[in-house]
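Visitor: Below is the file final-v2.txt, which contains compact mmCIF, C-alpha atoms and all ligand atoms.
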```txt
# COMPACT_ATOMS: atom_id res chain seq x y z
CA MET A 63 0.00 0.00 0.00
CA THR A 64 1.27 3.49 -0.75
CA ARG A 65 -0.02 6.80 0.49
CA ILE A 66 0.90 9.99 -1.32
CA ARG A 67 0.12 13.38 0.14
CA VAL A 68 -1.19 16.24 -1.97
CA GLU A 69 -0.25 19.50 -0.23
CA LEU A 70 -2.18 22.59 -1.16
CA THR A 71 -0.10 25.53 -0.07
CA GLY A 72 -1.96 28.78 -0.57
CA ALA A 73 -5.23 27.15 -1.62
CA ALA A 74 -8.21 27.34 0.69
CA ALA A 75 -8.30 23.56 1.12
CA LEU A 76 -6.77 20.89 3.33
CA PRO A 77 -4.05 18.53 2.14
CA TYR A 78 -5.28 15.04 1.33
CA ASP A 79 -3.90 11.59 0.63
CA VAL A 80 -3.99 9.40 -2.43
CA VAL A 81 -4.05 5.75 -1.34
CA VAL A 82 -3.00 3.09 -3.86
CA GLN A 83 -3.84 -0.41 -2.66
CA ALA A 84 -5.12 -3.58 -4.28
CA GLY A 85 -8.47 -4.48 -2.72
CA SER A 86 -9.08 -1.00 -1.25
CA LEU A 87 -12.47 -0.72 -3.00
CA ARG A 88 -13.83 -3.28 -0.58
CA GLU A 89 -12.25 -1.53 2.39
CA LEU A 90 -13.82 1.85 1.88
CA GLY A 91 -16.02 1.24 4.90
CA SER A 92 -13.02 1.54 7.18
CA ILE A 93 -11.34 4.39 5.26
CA ALA A 94 -14.28 6.76 4.63
CA PRO A 95 -15.38 7.48 8.24
CA LEU A 96 -11.82 8.49 9.19
CA VAL A 97 -11.49 11.24 6.59
CA ALA A 98 -15.09 12.12 5.73
CA PRO A 99 -17.54 10.97 8.40
CA ALA A 100 -21.13 11.28 7.21
CA HIS A 101 -24.69 10.47 8.13
CA ARG A 102 -25.06 8.92 4.68
CA TYR A 103 -22.76 8.28 1.70
CA ALA A 104 -24.06 9.17 -1.77
CA VAL A 105 -22.25 6.83 -4.16
CA ILE A 106 -22.39 8.37 -7.64
CA THR A 107 -21.39 6.21 -10.60
CA ASP A 108 -22.30 5.40 -14.22
CA ASP A 109 -24.28 2.38 -15.40
CA ILE A 110 -21.25 0.47 -16.75
CA VAL A 111 -19.09 0.91 -13.66
CA ALA A 112 -22.13 0.15 -11.49
CA ARG A 113 -22.44 -3.24 -13.17
CA HIS A 114 -18.86 -4.20 -12.35
CA TRP A 115 -17.95 -2.45 -9.12
CA ALA A 116 -20.89 -0.95 -7.20
CA GLU A 117 -21.62 -4.13 -5.29
CA PRO A 118 -18.19 -4.71 -3.68
CA LEU A 119 -18.02 -1.05 -2.70
CA LEU A 120 -21.55 -0.98 -1.23
CA ASP A 121 -20.96 -4.31 0.56
CA GLY A 122 -17.85 -2.82 2.16
CA LEU A 123 -19.78 0.22 3.38
CA ALA A 124 -22.67 -1.90 4.65
CA SER A 125 -20.47 -4.31 6.56
CA ALA A 126 -18.92 -1.32 8.34
CA GLY A 127 -22.44 -0.23 9.29
CA LEU A 128 -22.46 2.83 7.02
CA ALA A 129 -25.63 4.05 5.26
CA ALA A 130 -25.27 4.52 1.52
CA THR A 131 -27.43 5.57 -1.43
CA LEU A 132 -26.44 4.56 -4.98
CA LEU A 133 -27.06 7.07 -7.79
CA SER A 134 -26.13 6.21 -11.35
CA PHE A 135 -26.34 7.85 -14.77
CA ALA A 136 -25.71 6.70 -18.36
CA ALA A 137 -21.99 6.22 -19.05
CA GLY A 138 -20.16 8.54 -21.41
CA GLU A 139 -19.04 12.12 -22.00
CA THR A 140 -22.53 13.06 -23.29
CA SER A 141 -23.76 12.69 -19.69
CA LYS A 142 -21.27 15.25 -18.38
CA THR A 143 -23.89 18.00 -18.38
CA ARG A 144 -25.80 20.39 -16.20
CA GLU A 145 -28.85 18.17 -16.81
CA THR A 146 -27.14 15.18 -15.17
CA TRP A 147 -25.99 17.44 -12.35
CA ALA A 148 -29.59 18.63 -11.89
CA GLU A 149 -30.99 15.08 -11.93
CA LEU A 150 -28.45 13.88 -9.37
CA THR A 151 -28.95 16.80 -7.01
CA ASP A 152 -32.76 16.52 -7.34
CA GLN A 153 -32.56 12.82 -6.48
CA MET A 154 -30.40 13.60 -3.46
CA LEU A 155 -32.83 16.28 -2.30
CA GLY A 156 -35.75 13.89 -2.92
CA LYS A 157 -34.12 11.28 -0.70
CA GLY A 158 -33.67 13.86 2.01
CA LEU A 159 -29.86 13.83 2.01
CA GLY A 160 -28.61 16.65 4.17
CA ARG A 161 -25.48 18.66 4.74
CA ASP A 162 -24.02 15.68 6.59
CA THR A 163 -23.68 13.68 3.35
CA THR A 164 -20.39 12.65 1.76
CA VAL A 165 -20.26 12.03 -1.99
CA ILE A 166 -18.27 9.03 -3.24
CA ALA A 167 -17.38 9.31 -6.95
CA LEU A 168 -16.97 5.76 -8.29
CA GLY A 169 -15.94 5.81 -11.94
CA GLY A 170 -13.82 7.34 -14.66
CA GLY A 171 -13.14 11.02 -15.25
CA VAL A 172 -16.72 11.70 -16.31
CA VAL A 173 -18.11 10.44 -13.00
CA GLY A 174 -15.30 12.16 -11.08
CA ASP A 175 -16.02 15.50 -12.73
CA VAL A 176 -19.83 15.35 -12.42
CA ALA A 177 -19.92 13.85 -8.92
CA GLY A 178 -17.19 16.27 -7.88
CA PHE A 179 -19.31 19.17 -9.10
CA VAL A 180 -22.31 17.77 -7.24
CA ALA A 181 -20.18 17.63 -4.08
CA ALA A 182 -18.90 21.17 -4.71
CA THR A 183 -22.41 22.58 -4.94
CA TYR A 184 -24.78 20.37 -2.94
CA MET A 185 -25.86 22.38 0.12
CA ARG A 186 -23.01 24.77 -0.79
CA GLY A 187 -20.49 21.95 -0.67
CA VAL A 188 -20.15 18.54 0.99
CA PRO A 189 -17.09 16.28 1.35
CA LEU A 190 -15.96 14.19 -1.62
CA ILE A 191 -14.15 10.87 -1.88
CA GLN A 192 -12.74 9.99 -5.29
CA VAL A 193 -12.65 6.29 -6.20
CA PRO A 194 -11.34 6.39 -9.79
CA THR A 195 -11.85 3.31 -11.96
CA THR A 196 -10.09 4.20 -15.23
CA LEU A 197 -6.32 4.57 -15.47
CA LEU A 198 -6.84 8.12 -16.76
CA ALA A 199 -8.95 9.05 -13.75
CA MET A 200 -6.51 7.36 -11.33
CA ILE A 201 -3.44 9.25 -12.48
CA ASP A 202 -5.03 12.46 -13.68
CA ALA A 203 -8.69 13.43 -13.27
CA SER A 204 -9.21 12.39 -9.63
CA ILE A 205 -6.29 14.48 -8.35
CA GLY A 206 -6.19 18.24 -8.36
CA GLY A 207 -9.70 19.27 -7.42
CA LYS A 208 -11.01 20.29 -10.83
CA THR A 209 -14.69 19.40 -11.16
CA GLY A 210 -17.37 20.37 -13.63
CA VAL A 211 -19.54 19.68 -16.63
CA ASP A 212 -19.59 20.44 -20.34
CA ALA A 213 -21.83 23.01 -22.05
CA PRO A 214 -22.95 23.23 -25.69
CA ALA A 215 -20.28 25.94 -26.12
CA GLY A 216 -17.46 23.64 -25.03
CA LYS A 217 -16.01 21.11 -22.61
CA ASN A 218 -15.49 21.76 -18.89
CA LEU A 219 -16.83 25.33 -19.08
CA ILE A 220 -18.98 25.14 -15.93
CA GLY A 221 -17.32 23.95 -12.76
CA ALA A 222 -15.51 24.55 -9.52
CA PHE A 223 -12.37 23.64 -7.66
CA HIS A 224 -13.37 21.15 -4.95
CA GLN A 225 -10.62 19.03 -3.43
CA PRO A 226 -11.43 15.48 -2.33
CA SER A 227 -10.96 14.35 1.28
CA ILE A 228 -9.11 11.29 -0.02
CA VAL A 229 -8.52 9.50 -3.31
CA VAL A 230 -8.76 5.70 -3.00
CA ILE A 231 -7.24 3.77 -5.90
CA ASP A 232 -7.71 0.03 -6.28
CA PRO A 233 -5.64 -1.15 -9.28
CA GLU A 234 -7.70 -4.37 -9.41
CA VAL A 235 -10.69 -2.52 -10.89
CA LEU A 236 -8.63 -2.08 -14.08
CA MET A 237 -9.29 -5.78 -14.79
CA THR A 238 -12.56 -4.85 -16.48
CA LEU A 239 -11.35 -1.72 -18.28
CA PRO A 240 -11.37 -1.99 -22.10
CA ALA A 241 -7.86 -2.13 -23.64
CA ASP A 242 -8.05 1.15 -25.57
CA GLN A 243 -9.00 2.96 -22.35
CA LEU A 244 -6.00 1.43 -20.62
CA ARG A 245 -3.66 2.50 -23.43
CA GLY A 246 -5.11 6.01 -23.31
CA GLY A 247 -4.25 6.18 -19.61
CA LEU A 248 -0.74 4.94 -20.36
CA ALA A 249 -0.28 7.93 -22.69
CA GLU A 250 -0.82 10.24 -19.72
CA ALA A 251 1.75 8.25 -17.73
CA VAL A 252 4.24 8.71 -20.60
CA LYS A 253 3.47 12.43 -20.39
CA HIS A 254 4.30 12.41 -16.67
CA GLY A 255 7.66 10.82 -17.44
CA ALA A 256 8.28 13.23 -20.31
CA ILE A 257 7.68 16.36 -18.23
CA ALA A 258 9.23 15.30 -14.95
CA ASP A 259 11.19 12.04 -14.72
CA ARG A 260 13.28 10.39 -17.39
CA ALA A 261 13.91 7.22 -15.36
CA TYR A 262 10.16 6.75 -14.93
CA PHE A 263 9.67 7.26 -18.67
CA GLU A 264 12.26 4.58 -19.48
CA TRP A 265 10.80 2.17 -16.88
CA ILE A 266 7.35 2.40 -18.49
CA LEU A 267 8.88 1.24 -21.76
CA GLU A 268 10.76 -1.62 -20.11
CA VAL A 269 7.57 -3.05 -18.63
CA ALA A 270 5.24 -1.99 -21.45
CA ASP A 271 4.21 -5.54 -22.38
CA GLU A 272 3.22 -6.44 -18.83
CA LEU A 273 1.34 -3.17 -18.41
CA LEU A 274 -0.58 -3.77 -21.63
CA ALA A 275 -1.39 -7.28 -20.44
CA GLY A 276 -2.95 -5.81 -17.30
CA ASP A 277 -0.39 -6.91 -14.69
CA THR A 278 -1.96 -5.52 -11.51
CA ALA A 279 1.26 -5.19 -9.52
CA LEU A 280 3.02 -3.24 -12.27
CA LEU A 281 -0.06 -1.12 -12.92
CA GLY A 282 -0.05 -0.34 -9.20
CA ALA A 283 3.60 0.75 -9.44
CA LEU A 284 2.78 2.87 -12.50
CA ILE A 285 -0.13 4.56 -10.73
CA ASP A 286 2.15 5.25 -7.79
CA GLY A 287 4.80 6.82 -10.05
CA SER A 288 2.35 8.99 -11.94
CA VAL A 289 0.40 10.09 -8.88
CA ARG A 290 3.65 11.24 -7.27
CA ILE A 291 4.41 13.41 -10.28
CA LYS A 292 0.88 14.82 -10.61
CA ALA A 293 0.67 15.44 -6.85
CA ALA A 294 3.99 17.30 -6.84
CA VAL A 295 2.94 19.55 -9.71
CA VAL A 296 -0.52 20.23 -8.28
CA SER A 297 0.95 20.89 -4.82
CA ALA A 298 3.32 23.45 -6.28
CA ASP A 299 0.50 25.22 -8.14
CA PRO A 300 -2.94 24.32 -6.75
CA ARG A 301 -4.90 27.01 -8.62
CA GLU A 302 -3.23 26.43 -11.97
CA GLU A 303 -1.42 29.73 -12.23
CA GLY A 304 2.01 28.63 -13.41
CA GLN A 305 3.90 25.36 -13.17
CA ARG A 306 0.77 23.23 -13.50
CA ALA A 307 0.83 24.19 -17.17
CA ALA A 308 3.45 21.42 -17.49
CA LEU A 309 0.61 18.90 -17.35
CA ASN A 310 -0.70 20.38 -20.59
CA PHE A 311 2.21 19.03 -22.61
CA GLY A 312 0.68 17.39 -25.69
CA HIS A 313 -2.70 18.86 -24.88
CA THR A 314 -2.92 22.00 -27.05
CA ILE A 315 -2.65 19.89 -30.20
CA GLY A 316 -4.29 16.89 -28.51
CA HIS A 317 -7.43 18.86 -27.70
CA ALA A 318 -7.58 20.30 -31.23
CA ILE A 319 -7.40 16.76 -32.67
CA GLU A 320 -10.12 15.56 -30.29
CA ARG A 321 -12.41 18.40 -31.31
CA ALA A 322 -11.64 17.97 -35.00
CA LEU A 323 -12.66 14.31 -34.70
CA ASP A 324 -15.75 15.23 -32.68
CA TYR A 325 -14.36 13.39 -29.64
CA GLY A 326 -14.38 10.09 -31.53
CA LEU A 327 -10.79 9.41 -30.43
CA HIS A 328 -9.89 8.61 -26.80
CA HIS A 329 -8.36 11.62 -25.04
CA GLY A 330 -5.13 9.75 -24.25
CA HIS A 331 -4.68 8.68 -27.86
CA ALA A 332 -5.10 12.30 -28.97
CA VAL A 333 -2.59 13.39 -26.32
CA ALA A 334 -0.10 10.80 -27.63
CA LEU A 335 -0.34 12.45 -31.05
CA GLY A 336 -0.21 15.88 -29.44
CA MET A 337 3.02 15.02 -27.60
CA ILE A 338 4.69 13.95 -30.85
CA ALA A 339 3.59 17.13 -32.63
CA GLU A 340 4.56 19.37 -29.73
CA ALA A 341 7.99 17.72 -29.42
CA GLU A 342 8.39 18.44 -33.15
CA ILE A 343 7.32 22.06 -32.58
CA GLY A 344 9.80 22.33 -29.70
CA GLU A 345 12.66 20.93 -31.76
CA ARG A 346 11.88 23.30 -34.65
CA ALA A 347 11.64 26.26 -32.26
CA GLY A 348 14.98 25.36 -30.65
CA ILE A 349 13.37 24.73 -27.25
CA THR A 350 13.42 20.91 -27.26
CA ALA A 351 16.58 18.81 -27.65
CA GLN A 352 16.99 17.05 -31.00
CA GLN A 353 15.74 13.44 -31.15
CA THR A 354 13.25 13.97 -28.35
CA ARG A 355 10.43 13.57 -30.82
CA ASP A 356 11.91 10.27 -32.06
CA ARG A 357 12.19 8.89 -28.54
CA LEU A 358 8.61 9.90 -27.77
CA SER A 359 7.34 8.31 -30.99
CA GLN A 360 9.12 5.06 -30.08
CA ALA A 361 7.48 5.11 -26.67
CA ILE A 362 4.06 5.73 -28.14
CA GLU A 363 4.51 2.99 -30.69
CA THR A 364 5.64 0.54 -27.98
CA LEU A 365 2.37 1.17 -26.17
CA ASN A 366 0.32 0.53 -29.31
CA LEU A 367 -0.83 4.12 -29.38
CA PRO A 368 -1.30 5.94 -32.69
CA LEU A 369 1.54 7.74 -34.47
CA ARG A 370 -0.78 9.32 -37.00
CA VAL A 371 -4.16 11.00 -36.83
CA PRO A 372 -6.92 8.72 -38.15
CA ALA A 373 -7.73 9.51 -41.79
CA GLY A 374 -9.92 12.39 -42.78
CA LEU A 375 -8.19 15.34 -41.18
CA ASN A 376 -5.80 17.82 -42.70
CA ALA A 377 -3.28 20.13 -41.09
CA GLY A 378 -5.45 23.15 -41.93
CA GLN A 379 -8.42 21.84 -39.96
CA VAL A 380 -6.37 21.13 -36.86
CA GLN A 381 -4.60 24.47 -37.18
CA GLU A 382 -7.98 26.20 -37.48
CA LEU A 383 -9.04 24.60 -34.20
CA VAL A 384 -5.83 25.67 -32.49
CA ARG A 385 -6.59 29.16 -33.76
CA LEU A 386 -10.15 29.10 -32.42
CA ASP A 387 -8.76 28.00 -29.08
CA LYS A 388 -6.31 30.88 -29.30
CA LYS A 389 -9.18 33.33 -29.79
CA ALA A 390 -10.96 31.84 -26.82
CA ARG A 391 -7.88 32.61 -24.76
CA LEU A 392 -7.54 36.25 -25.87
CA GLY A 393 -5.32 35.77 -28.85
CA VAL A 394 -2.41 33.76 -27.46
CA ALA A 395 -2.02 30.06 -28.20
CA ARG A 396 0.70 29.04 -25.79
CA TYR A 397 2.36 25.64 -25.66
CA SER A 398 3.75 23.70 -22.72
CA LEU A 399 6.93 22.13 -24.09
CA ILE A 400 9.73 19.92 -22.80
CA SER A 401 13.41 20.75 -23.09
CA GLU A 402 14.28 17.03 -23.11
CA ILE A 403 12.67 13.78 -21.93
CA GLY A 404 12.07 14.24 -18.21
CA LYS A 405 12.20 18.02 -18.14
CA ILE A 406 9.57 20.65 -18.72
CA ALA A 407 10.84 23.74 -20.56
CA TYR A 408 10.94 26.99 -18.62
CA ALA A 409 12.25 30.24 -20.04
CA ASP A 410 11.72 33.98 -19.64
CA ARG A 411 9.89 33.26 -16.39
CA SER A 412 7.25 31.30 -18.23
CA TRP A 413 6.14 27.68 -18.38
CA THR A 414 4.45 28.19 -21.75
CA PHE A 415 5.64 29.42 -25.14
CA PRO A 416 3.96 31.34 -27.95
CA ILE A 417 4.62 29.54 -31.26
CA GLU A 418 4.37 30.90 -34.78
CA ASP A 419 1.60 29.39 -36.88
CA HIS A 420 3.87 28.06 -39.63
CA LEU A 421 5.81 25.92 -37.14
CA VAL A 422 2.56 24.44 -35.88
CA VAL A 423 1.41 23.57 -39.40
CA GLU A 424 4.77 21.98 -40.26
CA ALA A 425 4.68 19.89 -37.09
CA LEU A 426 1.09 18.84 -37.71
CA ARG A 427 2.02 17.59 -41.18
CA THR A 428 4.30 15.02 -39.53
CA ILE A 429 1.43 13.30 -37.72
CA LEU A 430 -1.17 13.37 -40.51
N1 LIG A 501 -10.78 16.98 -13.54
C1 LIG A 501 -9.64 16.81 -14.17
O1 LIG A 501 -8.59 17.30 -13.76
C2 LIG A 501 -9.64 15.98 -15.41
C3 LIG A 501 -8.42 15.58 -15.97
C4 LIG A 501 -8.45 14.76 -17.10
C5 LIG A 501 -9.65 14.39 -17.66
N2 LIG A 501 -10.82 14.79 -17.11
C6 LIG A 501 -12.10 14.39 -17.69
O2 LIG A 501 -12.20 12.99 -17.60
C7 LIG A 501 -13.10 12.53 -18.62
C8 LIG A 501 -12.51 11.31 -19.26
O3 LIG A 501 -12.32 10.33 -18.27
P1 LIG A 501 -12.24 8.78 -18.63
O4 LIG A 501 -11.31 8.57 -19.73
O5 LIG A 501 -12.02 8.08 -17.35
O6 LIG A 501 -13.68 8.50 -19.25
P2 LIG A 501 -15.04 7.89 -18.67
O7 LIG A 501 -15.29 8.30 -17.28
O8 LIG A 501 -16.08 8.19 -19.68
O9 LIG A 501 -14.74 6.33 -18.68
C9 LIG A 501 -14.55 5.69 -19.90
C10 LIG A 501 -15.46 4.46 -20.06
O10 LIG A 501 -14.96 3.41 -19.26
C11 LIG A 501 -15.99 2.88 -18.43
N3 LIG A 501 -15.31 2.42 -17.22
C12 LIG A 501 -14.77 3.15 -16.23
N4 LIG A 501 -14.13 2.37 -15.36
C13 LIG A 501 -14.28 1.10 -15.78
C14 LIG A 501 -13.82 -0.15 -15.30
N5 LIG A 501 -13.04 -0.25 -14.23
N6 LIG A 501 -14.20 -1.26 -15.99
C15 LIG A 501 -14.95 -1.16 -17.11
N7 LIG A 501 -15.39 0.00 -17.63
C16 LIG A 501 -15.04 1.11 -16.96
C17 LIG A 501 -16.94 4.02 -18.23
O11 LIG A 501 -18.22 3.56 -17.91
C18 LIG A 501 -16.89 4.69 -19.60
O12 LIG A 501 -17.76 4.01 -20.47
C19 LIG A 501 -13.30 13.69 -19.56
O13 LIG A 501 -14.59 14.23 -19.36
C20 LIG A 501 -12.24 14.70 -19.14
O14 LIG A 501 -12.64 16.04 -19.36
C21 LIG A 501 -10.82 15.58 -16.00
ZN ZN A 502 -5.05 14.69 -20.43
```
Can you turn what I pasted into structure tokens?
Ligand SMILES: NC(=O)c1ccc[n+]([C@@H]2O[C@H](COP(=O)([O-])OP(=O)(O)OC[C@H]3O[C@@H](n4cnc5c(N)ncnc54)[C@H](O)[C@@H]3O)[C@@H](O)[C@H]2O)c1
Ligand SMILES: [Zn+2]
Guide:
Amino acid sequence: MTRIRVELTGAAALPYDVVVQAGSLRELGSIAPLVAPAHRYAVITDDIVARHWAEPLLDGLASAGLAATLLSFAAGETSKTRETWAELTDQMLGKGLGRDTTVIALGGGVVGDVAGFVAATYMRGVPLIQVPTTLLAMIDASIGGKTGVDAPAGKNLIGAFHQPSIVVIDPEVLMTLPADQLRGGLAEAVKHGAIADRAYFEWILEVADELLAGDTALLGALIDGSVRIKAAVVSADPREEGQRAALNFGHTIGHAIERALDYGLHHGHAVALGMIAEAEIGERAGITAQQTRDRLSQAIETLNLPLRVPAGLNAGQVQELVRLDKKARLGVARYSLISEIGKIAYADRSWTFPIEDHLVVEALRTIL
């Protein structure tokens, strides 16, 4: 079992722990009352996760004598809306759940974001326990306190910072996760290595086959490594004002690709492509060491992640989306880049870099 502390200097929130332990899903009954005692636990999940993992979690709560209410919504990003938030909060009000409720988010990033936003707003805010069930949610979405929903105008536009009381990660739940979801999560782990820890990056590649085969012990070690990196970055910059931009490596292009494909490609797969393109941009701009892009491509290929954008997109379309994003952010598209594998680039007192359009287009051509 490992326990990693997320410190939140300067943020109006308490530090909290991320616990990584096989079997911890069933032990939530002994963990929850210590960090977030409640009259009743509202377990929020989606219908797919509910099928696999609601029962062991609820059994664990019941055998510890804790009262729980299960609330579930249809799986998928299309449920990450204000409507789902309204339905969940109405159901909670209908069941008479009071201020002394703790929300348990059992699921992937969609559940974590929606349930987190419910916890942030229900009765002006109740405690939250994150129990992530996708690799992406374990090493990324469940840590950092960002919660929210999508709007027709764009993703994640309505939300709040609401830090969990604890994040409980049971690597065994990955047994039922579809393979492409697992690979998408691995792309984020590669990103963690690329921005912060070369040895970790190389280790992922050494054990890639076992990770892809779902080896629980190695996945546990991977989660531990990535959570340490994410926790350190978030602790240094809890409100996302500076250094946390490092976590956006691969994401400016990655997001544009996701949008261009109407979110038909898994986020992690788009980020894999984004990292390659942004390493190319960095090399061309003289910010990233030569051959970094090649090493990243090898890593991405080893993990069976895509090296090229699925057919049907051209550089102009992606560039147009980067430009729209730029407009949305008052005219500056800025990129988080790495100086080499294991090191985020920092120059002129900034963690992000403005890049000329022609460099972006040239880099995009290499992944199309
Ligand atoms: N808050 C943050 O900081 C943050 C960071 C990154 C991503 N996100 C958000 O996370 C979301 C993506 O998260 P995701 O990739 O986890 O998607 P997701 O929550 O939609 O989960 C993907 C699919 O896997 C299923 N699933 C989850 N766990 C399973 C398991 N153990 N076994 C079988 N099936 C399982 C889900 O039902 C769903 O169908 C996006 O909305 C994104 O915006 C948030
Ligand atoms: Zn991401």
Visitor: Considering only C-alpha atoms, can you say which of A:Arg290, A:Arg306, A:Arg346, A:His420 comes closest to Ser398 in chain A?
Guide: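 Selected residue with least distance to Ser398 in chain A: A:Arg306.
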Visitor: Could you give me, as a list in words, the residues within 6 Å of range 333-336 of chain A, counting all atoms listed in the file and dropping anything in the same chain fewer than 4 positions from it?
Guide: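 Within the cut-off, the hits are Ala249, Gly312, His313, Ile315, Gly316 and Glu340 of chain A.
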Visitor: What is the atom C3 of ligand LIG 501 (chain A)-CA of Glu302 in chain A distance in Å, reported with one decimal?
Guide: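 Answer for the atom C3 of ligand LIG 501 (chain A) to CA of Glu302 in chain A separation: 12.7 Å.
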Visitor: Tell me which of A:Gly171, A:Gly344, A:Gly282, A:Gly404 sits closest to ligand LIG 501 (chain A), counting all atoms listed in the file.
Guide: A:Gly171
Visitor: Quick one: residues within 10 Å of Ala275 in chain A, only C-alpha atoms counted, chain neighbours fewer than 3 positions away excluded, as a PDB file with C-alpha atoms, keeping the file's coordinate frame?
Guide:
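And here is the file that came out, part18.pdb:
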```
ATOM      1  CA  MET A 237      -9.290  -5.780 -14.790  1.00  0.00           C
ATOM      2  CA  ALA A 241      -7.860  -2.130 -23.640  1.00  0.00           C
ATOM      3  CA  LEU A 244      -6.000   1.430 -20.620  1.00  0.00           C
ATOM      4  CA  ALA A 270       5.240  -1.990 -21.450  1.00  0.00           C
ATOM      5  CA  ASP A 271       4.210  -5.540 -22.380  1.00  0.00           C
ATOM      6  CA  GLU A 272       3.220  -6.440 -18.830  1.00  0.00           C
ATOM      7  CA  THR A 278      -1.960  -5.520 -11.510  1.00  0.00           C
ATOM      8  CA  LEU A 281      -0.060  -1.120 -12.920  1.00  0.00           C
TER       9      LEU A 281
END
```
Visitor: So how far away is CA of His329 in chain A from CA of Leu367 in chain A, in Å?
Guide: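 CA of His329 in chain A lies 11.5 Å from CA of Leu367 in chain A.
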Visitor: Given all atoms listed in the file, how would the per-residue table for chain A near ligand LIG 501 (chain A) read, listing every residue at most 8 Å away with its closest atom pair and distance in Å to one decimal, sorted by chain and number, as a tab-separated table?
Guide:
```
residue	atom	partner	partner_atom	distance
A:Asp108	CA	A:LIG501	O11	5.8
A:Asp109	CA	A:LIG501	O11	6.7
A:Ile110	CA	A:LIG501	O11	4.5
A:Val111	CA	A:LIG501	O11	5.1
A:His114	CA	A:LIG501	N6	6.6
A:Trp115	CA	A:LIG501	N5	7.4
A:Ala137	CA	A:LIG501	O11	4.8
A:Gly138	CA	A:LIG501	O8	4.4
A:Glu139	CA	A:LIG501	O8	5.4
A:Lys142	CA	A:LIG501	O13	6.8
A:Gly169	CA	A:LIG501	N4	5.2
A:Gly170	CA	A:LIG501	O7	3.2
A:Gly171	CA	A:LIG501	O3	3.2
A:Val172	CA	A:LIG501	O7	3.8
A:Val173	CA	A:LIG501	O7	5.6
A:Gly174	CA	A:LIG501	N1	7.1
A:Asp175	CA	A:LIG501	N1	5.5
A:Pro194	CA	A:LIG501	N4	7.4
A:Thr195	CA	A:LIG501	N4	4.2
A:Thr196	CA	A:LIG501	N4	4.4
A:Leu197	CA	A:LIG501	O5	7.0
A:Leu198	CA	A:LIG501	O5	5.2
A:Ala199	CA	A:LIG501	O5	4.8
A:Asp202	CA	A:LIG501	C3	5.1
A:Ala203	CA	A:LIG501	C2	3.5
A:Ser204	CA	A:LIG501	N1	6.2
A:Ile205	CA	A:LIG501	O1	6.5
A:Gly206	CA	A:LIG501	O1	6.0
A:Gly207	CA	A:LIG501	N1	6.6
A:Lys208	CA	A:LIG501	N1	4.3
A:Thr209	CA	A:LIG501	N1	5.2
A:Gly210	CA	A:LIG501	N1	7.4
A:Val211	CA	A:LIG501	O13	7.9
A:Lys217	CA	A:LIG501	O14	6.9
A:Asn218	CA	A:LIG501	O14	6.4
A:Val235	CA	A:LIG501	N5	4.7
A:Leu236	CA	A:LIG501	N5	4.8
A:Met237	CA	A:LIG501	N5	6.7
A:Thr238	CA	A:LIG501	N6	4.0
A:Leu239	CA	A:LIG501	N6	3.7
A:Pro240	CA	A:LIG501	C15	6.2
A:Gln243	CA	A:LIG501	O4	6.6
A:Gly246	CA	A:LIG501	O4	7.6
A:Gly247	CA	A:LIG501	O4	7.5
A:His328	CA	A:LIG501	O4	7.2
A:His329	CA	A:LIG501	O4	6.8
A:Gly330	CA	A:LIG501	O4	7.7
```
Visitor: Which is closest to Ser412 in chain A among A:Gln305, A:Thr71, A:Gln352, A:Thr107, if we use only C-alpha atoms?
Guide: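 Among the listed residues, the smallest separation from Ser412 in chain A belongs to A:Gln305.
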Visitor: Could you tell me which of A:Val371, A:Ile266, A:Ile201, A:Ala339 comes closest to Leu430 in chain A if we count only C-alpha atoms?
Guide: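 Of all the options, A:Val371 lies closest to Leu430 in chain A.
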Visitor: Under the rule that only C-alpha atoms and all ligand atoms are counted, which of A:Glu268, A:Glu250, A:Glu363, A:Asp419 is the nearest residue to ligand ZN 502 (chain A)?
Guide: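 Closest residue, counting only C-alpha atoms and all ligand atoms: A:Glu250.
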Visitor: So, with only C-alpha atoms as the atoms that count, which of A:Val230, A:Ala181, A:Leu327, A:Val422 lies closest to Arg370 in chain A?
Guide: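 Closest to Arg370 in chain A of all the choices is A:Leu327.
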Visitor: Record the distance separating CA of Ile220 in chain A and CA of Glu149 in chain A, expressed in Å with one decimal.
Guide: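 CA of Ile220 in chain A sits 16.2 Å away from CA of Glu149 in chain A.
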Visitor: May I have the residues within 12 Å of Gln360 in chain A as a PyMOL selection string, using all atoms listed in the file and disregarding those fewer than 5 positions away in the same chain?
Guide: chain A and resi 252+263-264+267+270+334+337-338+353-355+365-369
Visitor: Dump C-alpha atoms for the selected residues as a compact mmCIF listing (two decimals), in the coordinates of the input?
Guide:
```
# COMPACT_ATOMS: atom_id res chain seq x y z
CA VAL A 252 4.24 8.71 -20.60
CA PHE A 263 9.67 7.26 -18.67
CA GLU A 264 12.26 4.58 -19.48
CA LEU A 267 8.88 1.24 -21.76
CA ALA A 270 5.24 -1.99 -21.45
CA ALA A 334 -0.10 10.80 -27.63
CA MET A 337 3.02 15.02 -27.60
CA ILE A 338 4.69 13.95 -30.85
CA GLN A 353 15.74 13.44 -31.15
CA THR A 354 13.25 13.97 -28.35
CA ARG A 355 10.43 13.57 -30.82
CA LEU A 365 2.37 1.17 -26.17
CA ASN A 366 0.32 0.53 -29.31
CA LEU A 367 -0.83 4.12 -29.38
CA PRO A 368 -1.30 5.94 -32.69
CA LEU A 369 1.54 7.74 -34.47
```
Visitor: List the neighbours of Leu128 in chain A out to 12 Å using only C-alpha atoms; skip same-chain residues closer than 6 positions along the sequence, and give me the result as a list in words.
Guide: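 The contact residues come out as Leu90, Gly91, Ser92, Ile93, Ala94, Pro95, Ala98, Pro99, Ala100, His101, Arg102, Tyr103, Ala104, Val105, Leu119, Leu120, Asp121, Gly122, Thr163 and Thr164 of chain A.
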